[in-house]
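Q: File follows, input38.tsv with TSV, N, CA and C atoms:
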```
chain	number	residue	atom	x	y	z
Q	406	MET	N	73.03	-3.19	51.39
Q	406	MET	CA	73.22	-2.09	50.47
Q	406	MET	C	72.78	-2.53	49.07
Q	407	LYS	N	72.07	-1.66	48.42
Q	407	LYS	CA	71.61	-1.94	47.06
Q	407	LYS	C	72.50	-1.25	46.05
Q	408	VAL	N	72.66	-1.88	44.92
Q	408	VAL	CA	73.40	-1.28	43.81
Q	408	VAL	C	72.42	-0.40	43.04
Q	409	ASP	N	72.81	0.83	42.78
Q	409	ASP	CA	72.00	1.75	41.99
Q	409	ASP	C	72.33	1.48	40.52
Q	410	TYR	N	71.55	0.60	39.90
Q	410	TYR	CA	71.85	0.18	38.53
Q	410	TYR	C	71.63	1.31	37.51
Q	411	LYS	N	70.73	2.22	37.83
Q	411	LYS	CA	70.53	3.35	36.93
Q	411	LYS	C	71.78	4.23	36.91
Q	412	ASP	N	72.31	4.56	38.09
Q	412	ASP	CA	73.53	5.35	38.19
Q	412	ASP	C	74.70	4.62	37.55
Q	413	LEU	N	74.78	3.32	37.79
Q	413	LEU	CA	75.84	2.51	37.19
Q	413	LEU	C	75.79	2.60	35.67
Q	414	GLY	N	74.60	2.45	35.10
Q	414	GLY	CA	74.44	2.52	33.65
Q	414	GLY	C	74.83	3.88	33.09
Q	415	VAL	N	74.45	4.93	33.80
Q	415	VAL	CA	74.80	6.29	33.37
Q	415	VAL	C	76.31	6.46	33.37
Q	416	ARG	N	76.98	5.96	34.41
Q	416	ARG	CA	78.43	6.10	34.51
Q	416	ARG	C	79.15	5.28	33.42
Q	417	ILE	N	78.65	4.09	33.14
Q	417	ILE	CA	79.24	3.28	32.07
Q	417	ILE	C	79.10	4.01	30.74
Q	418	LYS	N	77.91	4.52	30.47
Q	418	LYS	CA	77.69	5.23	29.21
Q	418	LYS	C	78.59	6.47	29.12
Q	419	LYS	N	78.69	7.21	30.21
Q	419	LYS	CA	79.52	8.42	30.21
Q	419	LYS	C	80.98	8.07	29.93
Q	420	LYS	N	81.50	7.05	30.61
Q	420	LYS	CA	82.88	6.64	30.38
Q	420	LYS	C	83.09	6.17	28.95
Q	421	ARG	N	82.13	5.41	28.45
Q	421	ARG	CA	82.23	4.91	27.08
Q	421	ARG	C	82.26	6.06	26.08
Q	422	GLU	N	81.39	7.02	26.29
Q	422	GLU	CA	81.36	8.17	25.39
Q	422	GLU	C	82.62	9.03	25.50
Q	423	GLU	N	83.17	9.14	26.73
Q	423	GLU	CA	84.44	9.87	26.90
Q	423	GLU	C	85.56	9.23	26.09
Q	424	LYS	N	85.49	7.91	25.97
Q	424	LYS	CA	86.49	7.16	25.20
Q	424	LYS	C	86.14	7.14	23.71
Q	425	ARG	N	85.04	7.80	23.36
Q	425	ARG	CA	84.56	7.81	21.97
Q	425	ARG	C	84.41	6.39	21.43
Q	426	MET	N	83.78	5.58	22.27
Q	426	MET	CA	83.61	4.17	21.96
Q	426	MET	C	82.12	3.90	21.75
Q	427	SER	N	81.79	3.14	20.75
Q	427	SER	CA	80.40	2.76	20.53
Q	427	SER	C	80.03	1.60	21.46
Q	428	GLN	N	78.74	1.37	21.59
Q	428	GLN	CA	78.30	0.21	22.36
Q	428	GLN	C	78.83	-1.07	21.74
Q	429	ALA	N	78.85	-1.12	20.43
Q	429	ALA	CA	79.34	-2.32	19.73
Q	429	ALA	C	80.82	-2.55	20.03
Q	430	GLU	N	81.60	-1.48	20.08
Q	430	GLU	CA	83.02	-1.63	20.38
Q	430	GLU	C	83.24	-2.09	21.82
Q	431	LEU	N	82.48	-1.51	22.76
Q	431	LEU	CA	82.58	-1.95	24.15
Q	431	LEU	C	82.16	-3.41	24.26
Q	432	ALA	N	81.11	-3.77	23.57
Q	432	ALA	CA	80.65	-5.17	23.58
Q	432	ALA	C	81.74	-6.11	23.08
Q	433	ALA	N	82.39	-5.73	21.99
Q	433	ALA	CA	83.45	-6.56	21.43
Q	433	ALA	C	84.63	-6.69	22.40
Q	434	ARG	N	84.98	-5.60	23.05
Q	434	ARG	CA	86.12	-5.62	23.99
Q	434	ARG	C	85.83	-6.41	25.26
Q	435	THR	N	84.55	-6.61	25.56
Q	435	THR	CA	84.17	-7.30	26.80
Q	435	THR	C	83.58	-8.68	26.54
Q	436	ASP	N	83.47	-9.06	25.27
Q	436	ASP	CA	82.86	-10.33	24.88
Q	436	ASP	C	81.41	-10.42	25.38
Q	437	LEU	N	80.72	-9.28	25.26
Q	437	LEU	CA	79.31	-9.21	25.60
Q	437	LEU	C	78.55	-8.76	24.35
Q	438	SER	N	77.25	-8.90	24.36
Q	438	SER	CA	76.47	-8.45	23.20
Q	438	SER	C	76.21	-6.94	23.29
Q	439	THR	N	76.02	-6.34	22.14
Q	439	THR	CA	75.68	-4.91	22.11
Q	439	THR	C	74.36	-4.68	22.84
Q	440	GLN	N	73.43	-5.60	22.68
Q	440	GLN	CA	72.14	-5.49	23.37
Q	440	GLN	C	72.32	-5.50	24.87
Q	441	HIS	N	73.23	-6.35	25.37
Q	441	HIS	CA	73.47	-6.41	26.81
Q	441	HIS	C	74.07	-5.09	27.31
Q	442	ILE	N	75.02	-4.53	26.57
Q	442	ILE	CA	75.61	-3.24	26.95
Q	442	ILE	C	74.52	-2.18	27.00
Q	443	SER	N	73.65	-2.15	26.00
Q	443	SER	CA	72.55	-1.20	25.98
Q	443	SER	C	71.63	-1.40	27.18
Q	444	ASN	N	71.31	-2.64	27.48
Q	444	ASN	CA	70.44	-2.93	28.62
Q	444	ASN	C	71.07	-2.51	29.94
Q	445	VAL	N	72.37	-2.70	30.08
Q	445	VAL	CA	73.06	-2.31	31.31
Q	445	VAL	C	73.08	-0.78	31.42
Q	446	GLU	N	73.40	-0.10	30.32
Q	446	GLU	CA	73.45	1.36	30.35
Q	446	GLU	C	72.09	1.98	30.67
Q	447	ASN	N	71.03	1.30	30.29
Q	447	ASN	CA	69.68	1.82	30.52
Q	447	ASN	C	68.99	1.17	31.72
Q	448	ALA	N	69.76	0.44	32.52
Q	448	ALA	CA	69.28	-0.21	33.75
Q	448	ALA	C	68.13	-1.17	33.50
Q	449	ARG	N	68.11	-1.79	32.31
Q	449	ARG	CA	67.12	-2.82	32.02
Q	449	ARG	C	67.64	-4.20	32.40
Q	450	SER	N	68.96	-4.30	32.59
Q	450	SER	CA	69.60	-5.55	33.01
Q	450	SER	C	70.59	-5.26	34.12
Q	451	LYS	N	70.67	-6.18	35.05
Q	451	LYS	CA	71.70	-6.09	36.08
Q	451	LYS	C	72.96	-6.74	35.53
Q	452	VAL	N	74.09	-6.26	35.97
Q	452	VAL	CA	75.36	-6.80	35.49
Q	452	VAL	C	76.07	-7.45	36.67
Q	453	GLY	N	76.61	-8.63	36.42
Q	453	GLY	CA	77.35	-9.35	37.46
Q	453	GLY	C	78.76	-8.80	37.63
Q	454	LEU	N	79.40	-9.21	38.70
Q	454	LEU	CA	80.72	-8.70	39.03
Q	454	LEU	C	81.75	-9.00	37.94
Q	455	GLU	N	81.76	-10.21	37.42
Q	455	GLU	CA	82.74	-10.57	36.39
Q	455	GLU	C	82.59	-9.69	35.15
Q	456	LYS	N	81.35	-9.50	34.74
Q	456	LYS	CA	81.11	-8.66	33.55
Q	456	LYS	C	81.43	-7.20	33.84
Q	457	LEU	N	81.13	-6.74	35.06
Q	457	LEU	CA	81.44	-5.37	35.44
Q	457	LEU	C	82.95	-5.11	35.41
Q	458	VAL	N	83.71	-6.10	35.87
Q	458	VAL	CA	85.17	-5.97	35.83
Q	458	VAL	C	85.65	-5.89	34.38
Q	459	ARG	N	85.07	-6.70	33.51
Q	459	ARG	CA	85.44	-6.63	32.09
Q	459	ARG	C	85.12	-5.26	31.49
Q	460	ILE	N	83.96	-4.73	31.85
Q	460	ILE	CA	83.58	-3.41	31.36
Q	460	ILE	C	84.53	-2.34	31.88
Q	461	ALA	N	84.84	-2.39	33.17
Q	461	ALA	CA	85.77	-1.41	33.76
Q	461	ALA	C	87.13	-1.49	33.09
Q	462	ASN	N	87.62	-2.70	32.85
Q	462	ASN	CA	88.92	-2.86	32.18
Q	462	ASN	C	88.89	-2.28	30.77
Q	463	ALA	N	87.80	-2.53	30.05
Q	463	ALA	CA	87.68	-2.02	28.67
Q	463	ALA	C	87.60	-0.50	28.66
Q	464	LEU	N	87.01	0.07	29.71
Q	464	LEU	CA	86.88	1.53	29.80
Q	464	LEU	C	88.08	2.18	30.50
Q	465	GLU	N	89.03	1.34	30.92
Q	465	GLU	CA	90.24	1.81	31.60
Q	465	GLU	C	89.91	2.66	32.82
Q	466	CYS	N	89.03	2.11	33.66
Q	466	CYS	CA	88.66	2.78	34.91
Q	466	CYS	C	88.48	1.71	35.98
Q	467	SER	N	88.28	2.14	37.19
Q	467	SER	CA	88.08	1.19	38.27
Q	467	SER	C	86.59	0.84	38.40
Q	468	VAL	N	86.33	-0.30	38.98
Q	468	VAL	CA	84.95	-0.69	39.28
Q	468	VAL	C	84.36	0.34	40.25
Q	469	GLY	N	85.18	0.84	41.16
Q	469	GLY	CA	84.73	1.86	42.11
Q	469	GLY	C	84.21	3.11	41.43
Q	470	GLU	N	84.87	3.52	40.34
Q	470	GLU	CA	84.39	4.69	39.60
Q	470	GLU	C	82.99	4.46	39.05
Q	471	LEU	N	82.74	3.24	38.62
Q	471	LEU	CA	81.44	2.93	38.04
Q	471	LEU	C	80.37	2.74	39.12
Q	472	LEU	N	80.78	2.27	40.30
Q	472	LEU	CA	79.83	1.97	41.37
Q	472	LEU	C	79.70	3.07	42.41
Q	473	CYS	N	80.42	4.17	42.27
Q	473	CYS	CA	80.49	5.14	43.37
Q	473	CYS	C	79.13	5.66	43.79
Q	474	GLY	N	78.14	5.68	42.93
Q	474	GLY	CA	76.81	6.11	43.33
Q	474	GLY	C	76.15	5.15	44.31
Q	475	SER	N	76.65	3.92	44.38
Q	475	SER	CA	76.10	2.91	45.29
Q	475	SER	C	76.95	2.71	46.53
Q	476	MET	N	78.13	3.29	46.55
Q	476	MET	CA	79.07	3.05	47.65
Q	476	MET	C	78.83	4.02	48.80
Q	477	LYS	N	78.94	3.50	50.03
Q	477	LYS	CA	78.79	4.35	51.21
Q	477	LYS	C	80.11	5.01	51.57
Q	478	THR	N	81.21	4.33	51.35
Q	478	THR	CA	82.52	4.90	51.67
Q	478	THR	C	83.40	4.85	50.43
Q	479	GLY	N	84.32	5.76	50.36
Q	479	GLY	CA	85.26	5.79	49.25
Q	479	GLY	C	84.76	6.53	48.03
Q	480	SER	N	83.45	6.79	47.98
Q	480	SER	CA	82.92	7.46	46.80
Q	480	SER	C	83.31	8.93	46.74
Q	481	ARG	N	83.62	9.52	47.89
Q	481	ARG	CA	84.01	10.93	47.92
Q	481	ARG	C	85.25	11.16	47.05
Q	482	THR	N	86.20	10.25	47.11
Q	482	THR	CA	87.41	10.38	46.29
Q	482	THR	C	87.07	10.31	44.82
Q	483	VAL	N	86.18	9.40	44.46
Q	483	VAL	CA	85.78	9.26	43.06
Q	483	VAL	C	85.08	10.53	42.59
Q	484	TYR	N	84.18	11.05	43.42
Q	484	TYR	CA	83.49	12.29	43.05
Q	484	TYR	C	84.47	13.45	42.95
Q	485	SER	N	85.44	13.50	43.86
Q	485	SER	CA	86.45	14.56	43.81
Q	485	SER	C	87.24	14.49	42.52
Q	486	ASP	N	87.61	13.30	42.11
Q	486	ASP	CA	88.33	13.13	40.84
Q	486	ASP	C	87.47	13.58	39.66
Q	487	GLU	N	86.18	13.25	39.71
Q	487	GLU	CA	85.27	13.64	38.64
Q	487	GLU	C	85.14	15.17	38.60
Q	488	ILE	N	85.02	15.78	39.76
Q	488	ILE	CA	84.91	17.24	39.83
Q	488	ILE	C	86.20	17.89	39.33
Q	489	ASP	N	87.33	17.34	39.71
Q	489	ASP	CA	88.62	17.87	39.22
Q	489	ASP	C	88.67	17.86	37.70
Q	490	GLY	N	88.16	16.78	37.10
Q	490	GLY	CA	88.14	16.69	35.64
Q	490	GLY	C	87.27	17.76	35.01
Q	491	ILE	N	86.16	18.07	35.65
Q	491	ILE	CA	85.26	19.11	35.15
Q	491	ILE	C	85.92	20.48	35.29
Q	492	LEU	N	86.56	20.71	36.44
Q	492	LEU	CA	87.17	22.01	36.71
Q	492	LEU	C	88.34	22.33	35.79
Q	493	GLU	N	88.98	21.31	35.25
Q	493	GLU	CA	90.11	21.54	34.35
Q	493	GLU	C	89.73	22.42	33.17
Q	494	ASN	N	88.47	22.37	32.76
Q	494	ASN	CA	88.01	23.12	31.60
Q	494	ASN	C	87.37	24.46	31.96
Q	495	PHE	N	87.34	24.81	33.25
Q	495	PHE	CA	86.73	26.07	33.67
Q	495	PHE	C	87.67	27.24	33.38
Q	496	SER	N	87.09	28.34	32.99
Q	496	SER	CA	87.86	29.57	32.80
Q	496	SER	C	88.13	30.19	34.17
Q	497	ASN	N	88.99	31.19	34.20
Q	497	ASN	CA	89.27	31.89	35.46
Q	497	ASN	C	88.01	32.53	36.03
Q	498	THR	N	87.19	33.11	35.17
Q	498	THR	CA	85.94	33.73	35.61
Q	498	THR	C	85.00	32.70	36.22
Q	499	GLU	N	84.88	31.55	35.58
Q	499	GLU	CA	84.04	30.48	36.13
Q	499	GLU	C	84.56	30.02	37.48
Q	500	MET	N	85.86	29.95	37.63
Q	500	MET	CA	86.45	29.53	38.91
Q	500	MET	C	86.19	30.57	40.00
Q	501	GLU	N	86.18	31.84	39.63
Q	501	GLU	CA	85.93	32.90	40.61
Q	501	GLU	C	84.50	32.83	41.14
Q	502	VAL	N	83.56	32.47	40.30
Q	502	VAL	CA	82.14	32.43	40.67
Q	502	VAL	C	81.79	31.14	41.43
Q	503	LEU	N	82.54	30.11	41.21
Q	503	LEU	CA	82.22	28.78	41.75
Q	503	LEU	C	82.04	28.73	43.27
Q	504	PRO	N	82.91	29.33	44.09
Q	504	PRO	CA	82.69	29.24	45.55
Q	504	PRO	C	81.33	29.78	45.99
Q	505	GLN	N	80.92	30.91	45.43
Q	505	GLN	CA	79.61	31.46	45.79
Q	505	GLN	C	78.48	30.55	45.32
Q	506	LEU	N	78.63	30.02	44.13
Q	506	LEU	CA	77.62	29.10	43.60
Q	506	LEU	C	77.49	27.87	44.51
Q	507	LEU	N	78.60	27.35	44.99
Q	507	LEU	CA	78.56	26.19	45.88
Q	507	LEU	C	77.91	26.52	47.22
Q	508	ARG	N	78.14	27.73	47.71
Q	508	ARG	CA	77.47	28.14	48.95
Q	508	ARG	C	75.96	28.20	48.73
Q	509	TYR	N	75.50	28.76	47.59
Q	509	TYR	CA	74.07	28.80	47.28
Q	509	TYR	C	73.51	27.39	47.14
Q	510	TYR	N	74.28	26.53	46.48
Q	510	TYR	CA	73.85	25.14	46.30
Q	510	TYR	C	73.64	24.47	47.67
Q	511	ARG	N	74.60	24.66	48.56
Q	511	ARG	CA	74.51	24.02	49.88
Q	511	ARG	C	73.27	24.51	50.63
Q	512	TYR	N	73.02	25.82	50.57
Q	512	TYR	CA	71.85	26.39	51.22
Q	512	TYR	C	70.56	25.80	50.62
Q	513	ALA	N	70.47	25.77	49.29
Q	513	ALA	CA	69.28	25.24	48.62
Q	513	ALA	C	69.10	23.75	48.93
Q	514	PHE	N	70.21	23.02	48.98
Q	514	PHE	CA	70.14	21.59	49.30
Q	514	PHE	C	69.56	21.37	50.69
Q	515	LYS	N	70.01	22.16	51.66
Q	515	LYS	CA	69.50	22.02	53.03
Q	515	LYS	C	68.00	22.32	53.09
Q	516	LEU	N	67.56	23.36	52.36
Q	516	LEU	CA	66.13	23.68	52.34
Q	516	LEU	C	65.32	22.54	51.73
Q	517	LEU	N	65.80	22.00	50.61
Q	517	LEU	CA	65.09	20.90	49.95
Q	517	LEU	C	65.07	19.65	50.82
Q	518	LYS	N	66.20	19.38	51.46
Q	518	LYS	CA	66.29	18.20	52.32
Q	518	LYS	C	65.30	18.32	53.48
Q	519	ASN	N	65.26	19.50	54.10
Q	519	ASN	CA	64.33	19.71	55.22
Q	519	ASN	C	62.89	19.57	54.75
Q	520	ASP	N	62.58	20.09	53.57
Q	520	ASP	CA	61.24	20.00	53.01
Q	520	ASP	C	60.85	18.54	52.77
Q	521	LEU	N	61.77	17.76	52.20
Q	521	LEU	CA	61.51	16.33	51.95
Q	521	LEU	C	61.32	15.57	53.25
Q	522	GLU	N	62.14	15.87	54.25
Q	522	GLU	CA	62.03	15.18	55.54
Q	522	GLU	C	60.69	15.49	56.20
Q	523	GLU	N	60.23	16.75	56.08
Q	523	GLU	CA	58.92	17.12	56.65
Q	523	GLU	C	57.80	16.36	55.96
Q	524	LYS	N	57.86	16.25	54.64
Q	524	LYS	CA	56.82	15.54	53.89
Q	524	LYS	C	56.80	14.05	54.22
Q	525	GLU	N	58.00	13.45	54.40
Q	525	GLU	CA	58.09	12.03	54.74
Q	525	GLU	C	57.58	11.77	56.15
Q	526	GLY	N	57.73	12.75	57.03
Q	526	GLY	CA	57.30	12.61	58.42
Q	526	GLY	C	55.80	12.70	58.58
Q	527	LYS	N	55.11	13.25	57.60
Q	527	LYS	CA	53.65	13.43	57.71
Q	527	LYS	C	52.91	12.18	57.34
```
Could the structure of this file be written out as structure tokens, please?

A:
Amino acid sequence: MKVDYKDLGVRIKKKREEKRMSQAELAARTDLSTQHISNVENARSKVGLEKLVRIANALECSVGELLCGSMKTGSRTVYSDEIDGILENFSNTEMEVLPQLLRYYRYAFKLLKNDLEEKEGK
């Protein structure tokens, strides 16, 4: 299994911004350089497990939350938690429309997936 470093960087940046923390502040809390944090967030550098744990601790989240894009199992719970956080800010009207939107999304996803599989098969 490969680690999706681009997804990891995006998740680190998102968590950092949710905490209203600068790269410099995250760097200070993790004893890493600001340049290294920037490189990790932009997938220009790979991050080791020890440093990833320090980053997760500084962001007050689990390593699993940061790695869920690379995980084969357990990521569904992380995504569900993320979706729950998004839904907290939805209005009643947005919530009413959401089931239909998800059905359309699922249909469109299946069409796109089939199209991609056909192209790869050729």

Q: Can you work out which one of Q:Leu517, Q:Met500, Q:Val415, Q:Leu431 has the shortest atom-to-atom distance to Ile460 of chain Q, counting all atoms listed in the file?

A: Q:Leu431

Q: Find the residues of segment 450-508 of chain Q that sit at most 7 Å from segment 439-446 of chain Q; for each, write down the nearest two atoms and how far apart they are in Å, to one decimal. Count all atoms listed in the file. Sort by chain, then by number going up, and give it as a Markdown table.

A:
```
| residue | atom | partner | partner_atom | distance |
| --- | --- | --- | --- | --- |
| Q:Ser450 | N | Q:Asn444 | C | 3.8 |
| Q:Lys451 | N | Q:Val445 | CA | 5.9 |
| Q:Val452 | N | Q:Val445 | CA | 6.2 |
```

Q: For Asn462 of chain Q, which of Q:Leu413, Q:Arg425, Q:Thr435, Q:Lys518 is the closest residue, counting only N, CA and C atoms?

A: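 Looking only at the distances to Asn462 of chain Q, the closest residue turns out to be Q:Thr435.
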
Q: So how many Å separate atom CA of Arg508 of chain Q and atom CA of Lys411 of chain Q, to one decimal?

A: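 Atom CA of Lys411 of chain Q lies 28.4 Å from atom CA of Arg508 of chain Q.
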
Q: Which of these, Q:Leu472, Q:Met426, Q:Ala463, Q:Val502, has the shortest distance to Val408 of chain Q once you count all atoms listed in the file?

A: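 Comparing Q:Leu472, Q:Met426, Q:Ala463, Q:Val502 against Val408 of chain Q, the winner is Q:Leu472.
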
Q: I'd like the interatomic distance between atom C of Arg434 of chain Q and atom CA of Arg459 of chain Q, to a tenth of an Å.

A: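 Taking atom C of Arg434 of chain Q as the start and atom CA of Arg459 of chain Q as the end point, the length is 6.8 Å.
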
Q: For the atom pair atom CA of Tyr484 of chain Q and atom CA of Val468 of chain Q, what is the interatomic distance in Å to one decimal place?

A: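 Those two atoms sit 13.6 Å apart.
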
Q: Adding 6 Å on each side of the box along x, y and z that holds all listed atoms of segment 511-524 of chain Q, could you give its centre and edge lengths in Å to one decimal, as lines of an AutoDock Vina configuration file?

A:
```
center_x = 65.7
center_y = 20.2
center_z = 52.6
size_x = 29.8
size_y = 24.3
size_z = 20.1
```

Q: From the list Q:Leu464, Q:Leu471, Q:Leu521, Q:Leu506, which residue is nearest Arg421 of chain Q when using all atoms listed in the file?

A: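 Using all atoms listed in the file, the shortest distance to Arg421 of chain Q belongs to Q:Leu464.
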
Q: Run DSSP on the backbone and tell me which residues of chain Q come out as helix (DSSP H, G or I); list them as number ranges by chain.

A: Q: 410-423, 428-435, 439-446, 454-463, 468-472, 480-492, 497-526

Q: Using all atoms listed in the file, pick whichever of Q:Ile491, Q:Asn447, Q:Ser467, Q:Ser485 has the shortest atom-to-atom distance to Lys418 of chain Q.

A: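 With all atoms listed in the file as the atom set, the closest residue is Q:Asn447.
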
Q: Using all atoms listed in the file, pick whichever of Q:Leu437, Q:Cys466, Q:Ala448, Q:Leu492 has the shortest atom-to-atom distance to Gly414 of chain Q.

A: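 The closest residue to Gly414 of chain Q is Q:Ala448.
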